[in-house]
$ cat data10.pdb   # PDB, C-alpha atoms, pLDDT in the B column
ATOM      1  CA  MET A  21       0.000   0.000   0.000  1.00 68.00           C
ATOM      2  CA  ASP A  22       1.270   3.430  -0.898  1.00 77.00           C
ATOM      3  CA  ARG A  23       1.200   5.390   2.381  1.00 78.00           C
ATOM      4  CA  GLN A  24       1.277   8.641   0.413  1.00 82.00           C
ATOM      5  CA  ALA A  25      -2.000   7.807  -1.368  1.00 82.00           C
ATOM      6  CA  PRO A  26      -4.258   5.731   0.896  1.00 77.00           C
ATOM      7  CA  HIS A  27      -7.316   7.228  -0.820  1.00 80.00           C
ATOM      8  CA  LEU A  28      -6.540   5.106  -3.894  1.00 86.00           C
ATOM      9  CA  TYR A  29      -7.605   1.899  -2.132  1.00 87.00           C
ATOM     10  CA  ASP A  30     -11.085   0.469  -1.701  1.00 90.00           C
ATOM     11  CA  THR A  31     -11.727   0.168   2.029  1.00 89.00           C
ATOM     12  CA  SER A  32     -15.449  -0.551   1.756  1.00 92.00           C
ATOM     13  CA  GLY A  33     -14.967  -4.198   2.801  1.00 94.00           C
ATOM     14  CA  PRO A  34     -13.226  -3.483   6.120  1.00 94.00           C
ATOM     15  CA  GLU A  35     -15.508  -0.514   6.763  1.00 95.00           C
ATOM     16  CA  GLY A  36     -18.552  -2.738   6.266  1.00 96.00           C
ATOM     17  CA  ASP A  37     -17.044  -5.379   8.570  1.00 97.00           C
ATOM     18  CA  TRP A  38     -16.484  -2.744  11.247  1.00 96.00           C
ATOM     19  CA  ALA A  39     -20.004  -1.329  10.921  1.00 97.00           C
ATOM     20  CA  ARG A  40     -21.469  -4.844  11.161  1.00 97.00           C
ATOM     21  CA  HIS A  41     -19.323  -5.595  14.217  1.00 97.00           C
ATOM     22  CA  ILE A  42     -20.439  -2.410  15.983  1.00 96.00           C
ATOM     23  CA  THR A  43     -24.091  -3.188  15.214  1.00 96.00           C
ATOM     24  CA  GLU A  44     -23.709  -6.696  16.658  1.00 96.00           C
ATOM     25  CA  VAL A  45     -21.970  -5.430  19.798  1.00 95.00           C
ATOM     26  CA  GLU A  46     -24.623  -2.760  20.371  1.00 92.00           C
ATOM     27  CA  ALA A  47     -27.387  -5.363  19.929  1.00 93.00           C
ATOM     28  CA  ARG A  48     -25.838  -7.590  22.629  1.00 92.00           C
ATOM     29  CA  ALA A  49     -25.063  -4.801  25.075  1.00 89.00           C
ATOM     30  CA  ILE A  50     -27.311  -4.364  28.050  1.00 85.00           C
ATOM     31  CA  PRO A  51     -28.140  -0.918  29.348  1.00 81.00           C
ATOM     32  CA  ALA A  52     -26.487   0.042  32.595  1.00 77.00           C
ATOM     33  CA  PHE A  53     -28.775   0.509  35.555  1.00 86.00           C
ATOM     34  CA  LYS A  54     -29.618   4.143  36.164  1.00 89.00           C
ATOM     35  CA  GLU A  55     -28.112   3.920  39.639  1.00 91.00           C
ATOM     36  CA  LEU A  56     -24.860   2.504  38.262  1.00 92.00           C
ATOM     37  CA  ALA A  57     -24.697   5.169  35.574  1.00 90.00           C
ATOM     38  CA  ALA A  58     -25.201   7.864  38.229  1.00 93.00           C
ATOM     39  CA  LEU A  59     -22.434   6.372  40.382  1.00 94.00           C
ATOM     40  CA  LEU A  60     -20.043   6.220  37.436  1.00 94.00           C
ATOM     41  CA  ASP A  61     -20.827   9.853  36.629  1.00 95.00           C
ATOM     42  CA  GLN A  62     -20.065  10.756  40.243  1.00 97.00           C
ATOM     43  CA  VAL A  63     -16.750   8.873  40.119  1.00 96.00           C
ATOM     44  CA  GLU A  64     -15.852  10.650  36.880  1.00 96.00           C
ATOM     45  CA  ARG A  65     -16.590  14.058  38.419  1.00 96.00           C
ATOM     46  CA  GLN A  66     -14.482  13.229  41.479  1.00 95.00           C
ATOM     47  CA  LEU A  67     -11.570  12.034  39.325  1.00 92.00           C
ATOM     48  CA  ASP A  68     -11.788  15.184  37.203  1.00 91.00           C
ATOM     49  CA  LYS A  69     -11.726  17.291  40.382  1.00 91.00           C
ATOM     50  CA  LEU A  70      -8.725  15.400  41.743  1.00 88.00           C
ATOM     51  CA  ALA A  71      -6.912  15.699  38.426  1.00 85.00           C
ATOM     52  CA  SER A  72      -7.511  19.444  38.283  1.00 85.00           C
ATOM     53  CA  ASP A  73      -6.230  19.881  41.854  1.00 83.00           C
ATOM     54  CA  ALA A  74      -3.097  17.770  41.345  1.00 76.00           C
ATOM     55  CA  PRO A  75       0.117  19.065  39.823  1.00 69.00           C
ATOM     56  CA  LEU A  76       0.783  17.930  36.275  1.00 68.00           C
ATOM     57  CA  MET A  77       4.000  16.253  37.308  1.00 66.00           C
ATOM     58  CA  PRO A  78       5.006  15.263  40.810  1.00 65.00           C
ATOM     59  CA  THR A  79       8.180  16.800  42.122  1.00 68.00           C
ATOM     60  CA  PHE A  80      10.756  14.676  43.868  1.00 70.00           C
ATOM     61  CA  PRO A  81      13.981  15.708  45.531  1.00 72.00           C
ATOM     62  CA  ALA A  82      16.990  15.178  43.313  1.00 72.00           C
ATOM     63  CA  ALA A  83      19.071  12.095  43.956  1.00 75.00           C
ATOM     64  CA  PRO A  84      22.494  12.729  45.485  1.00 79.00           C
ATOM     65  CA  GLY A  85      24.912  13.844  42.797  1.00 76.00           C
ATOM     66  CA  VAL A  86      22.155  14.685  40.257  1.00 72.00           C
ATOM     67  CA  PRO A  87      21.631  18.377  39.494  1.00 70.00           C
ATOM     68  CA  GLU A  88      18.149  19.819  40.091  1.00 64.00           C
ATOM     69  CA  GLY A  89      15.811  19.651  37.105  1.00 56.00           C
ATOM     70  CA  ARG A  90      17.154  16.394  35.729  1.00 51.00           C
TER      71      ARG A  90
END
$ encode --input "data10.pdb" --output "structure tokens"
Amino acid sequence: MDRQAPHLYDTSGPEGDWARHITEVEARAIPAFKELAALLDQVERQLDKLASDAPLMPTFPAAPGVPEGR
């Protein structure tokens, strides 16, 4: 396959396979209980809050003999 011209290839077969797969998975999926969905939403909100409060990268003291910032 020419990576510079992927548009030259017919991908309808794999795309159809993927669409069929997604349809089958959705048909077999069971809806989450409302209570469970609410709890998962609450967990997500708490994790988002914790992530926003935490520093992007933890800071540790430098090891002996290693300059700061390394």
$ atom_distance --input "data10.pdb" --atom1 "atom CA of Ala58 of chain A" --atom2 "atom CA of Glu44 of chain A"
26.1 Å
$ atom_distance --input "data10.pdb" --atom1 "atom CA of Ala74 of chain A" --atom2 "atom CA of Leu56 of chain A"
26.8 Å
$ atom_distance --input "data10.pdb" --atom1 "atom CA of Thr31 of chain A" --atom2 "atom CA of Ala49 of chain A"
27.1 Å
$ build_atoms --input "data10.pdb" --residues "segment 28-39 of chain A" --atoms "all heavy atoms" --output "JSON list (two decimals), in the coordinates of the input"
[["chain", "number", "residue", "atom", "x", "y", "z"],
["A", 28, "LEU", "N", -6.44, 5.87, -2.65],
["A", 28, "LEU", "CA", -6.54, 5.11, -3.89],
["A", 28, "LEU", "C", -7.05, 3.68, -3.68],
["A", 28, "LEU", "O", -7.28, 2.97, -4.64],
["A", 28, "LEU", "CB", -5.17, 5.06, -4.59],
["A", 28, "LEU", "CG", -4.60, 6.40, -5.03],
["A", 28, "LEU", "CD1", -3.21, 6.21, -5.64],
["A", 28, "LEU", "CD2", -5.53, 7.09, -6.02],
["A", 29, "TYR", "N", -7.23, 3.28, -2.44],
["A", 29, "TYR", "CA", -7.60, 1.90, -2.13],
["A", 29, "TYR", "C", -9.06, 1.81, -1.69],
["A", 29, "TYR", "O", -9.57, 2.69, -1.02],
["A", 29, "TYR", "CB", -6.69, 1.32, -1.05],
["A", 29, "TYR", "CG", -5.26, 1.25, -1.53],
["A", 29, "TYR", "CD1", -4.39, 2.32, -1.31],
["A", 29, "TYR", "CD2", -4.80, 0.16, -2.22],
["A", 29, "TYR", "CE1", -3.08, 2.28, -1.77],
["A", 29, "TYR", "CE2", -3.50, 0.10, -2.70],
["A", 29, "TYR", "CZ", -2.65, 1.17, -2.47],
["A", 29, "TYR", "OH", -1.37, 1.11, -2.94],
["A", 30, "ASP", "N", -9.70, 0.72, -2.08],
["A", 30, "ASP", "CA", -11.08, 0.47, -1.70],
["A", 30, "ASP", "C", -11.11, -0.12, -0.30],
["A", 30, "ASP", "O", -10.64, -1.23, -0.08],
["A", 30, "ASP", "CB", -11.73, -0.50, -2.69],
["A", 30, "ASP", "CG", -13.17, -0.82, -2.33],
["A", 30, "ASP", "OD1", -13.76, -0.10, -1.51],
["A", 30, "ASP", "OD2", -13.70, -1.80, -2.88],
["A", 31, "THR", "N", -11.65, 0.63, 0.64],
["A", 31, "THR", "CA", -11.73, 0.17, 2.03],
["A", 31, "THR", "C", -13.16, -0.17, 2.43],
["A", 31, "THR", "O", -13.46, -0.33, 3.61],
["A", 31, "THR", "CB", -11.17, 1.25, 2.98],
["A", 31, "THR", "OG1", -11.93, 2.45, 2.82],
["A", 31, "THR", "CG2", -9.70, 1.51, 2.72],
["A", 32, "SER", "N", -14.04, -0.30, 1.44],
["A", 32, "SER", "CA", -15.45, -0.55, 1.76],
["A", 32, "SER", "C", -15.65, -1.89, 2.47],
["A", 32, "SER", "O", -16.53, -2.01, 3.33],
["A", 32, "SER", "CB", -16.31, -0.48, 0.50],
["A", 32, "SER", "OG", -15.89, -1.47, -0.44],
["A", 33, "GLY", "N", -14.84, -2.90, 2.14],
["A", 33, "GLY", "CA", -14.97, -4.20, 2.80],
["A", 33, "GLY", "C", -14.69, -4.11, 4.29],
["A", 33, "GLY", "O", -15.56, -4.46, 5.12],
["A", 34, "PRO", "N", -13.51, -3.62, 4.69],
["A", 34, "PRO", "CA", -13.23, -3.48, 6.12],
["A", 34, "PRO", "C", -14.18, -2.52, 6.83],
["A", 34, "PRO", "O", -14.56, -2.75, 7.97],
["A", 34, "PRO", "CB", -11.79, -2.95, 6.16],
["A", 34, "PRO", "CG", -11.19, -3.37, 4.87],
["A", 34, "PRO", "CD", -12.32, -3.36, 3.88],
["A", 35, "GLU", "N", -14.57, -1.46, 6.15],
["A", 35, "GLU", "CA", -15.51, -0.51, 6.76],
["A", 35, "GLU", "C", -16.85, -1.19, 7.02],
["A", 35, "GLU", "O", -17.48, -0.98, 8.07],
["A", 35, "GLU", "CB", -15.67, 0.73, 5.89],
["A", 35, "GLU", "CG", -14.45, 1.61, 5.88],
["A", 35, "GLU", "CD", -14.55, 2.75, 4.89],
["A", 35, "GLU", "OE1", -15.61, 2.93, 4.24],
["A", 35, "GLU", "OE2", -13.56, 3.49, 4.76],
["A", 36, "GLY", "N", -17.30, -2.00, 6.08],
["A", 36, "GLY", "CA", -18.55, -2.74, 6.27],
["A", 36, "GLY", "C", -18.44, -3.74, 7.39],
["A", 36, "GLY", "O", -19.37, -3.91, 8.19],
["A", 37, "ASP", "N", -17.28, -4.44, 7.47],
["A", 37, "ASP", "CA", -17.04, -5.38, 8.57],
["A", 37, "ASP", "C", -17.12, -4.66, 9.91],
["A", 37, "ASP", "O", -17.72, -5.16, 10.86],
["A", 37, "ASP", "CB", -15.67, -6.04, 8.44],
["A", 37, "ASP", "CG", -15.57, -6.98, 7.25],
["A", 37, "ASP", "OD1", -16.63, -7.37, 6.70],
["A", 37, "ASP", "OD2", -14.43, -7.33, 6.88],
["A", 38, "TRP", "N", -16.50, -3.49, 9.99],
["A", 38, "TRP", "CA", -16.48, -2.74, 11.25],
["A", 38, "TRP", "C", -17.90, -2.30, 11.62],
["A", 38, "TRP", "O", -18.31, -2.43, 12.78],
["A", 38, "TRP", "CB", -15.55, -1.54, 11.14],
["A", 38, "TRP", "CG", -15.47, -0.76, 12.41],
["A", 38, "TRP", "CD1", -16.01, 0.47, 12.65],
["A", 38, "TRP", "CD2", -14.86, -1.17, 13.63],
["A", 38, "TRP", "NE1", -15.75, 0.86, 13.95],
["A", 38, "TRP", "CE2", -15.05, -0.14, 14.57],
["A", 38, "TRP", "CE3", -14.16, -2.30, 14.02],
["A", 38, "TRP", "CZ2", -14.58, -0.21, 15.87],
["A", 38, "TRP", "CZ3", -13.69, -2.37, 15.31],
["A", 38, "TRP", "CH2", -13.90, -1.33, 16.22],
["A", 39, "ALA", "N", -18.64, -1.78, 10.66],
["A", 39, "ALA", "CA", -20.00, -1.33, 10.92],
["A", 39, "ALA", "C", -20.87, -2.50, 11.39],
["A", 39, "ALA", "O", -21.66, -2.36, 12.34],
["A", 39, "ALA", "CB", -20.60, -0.69, 9.67]]
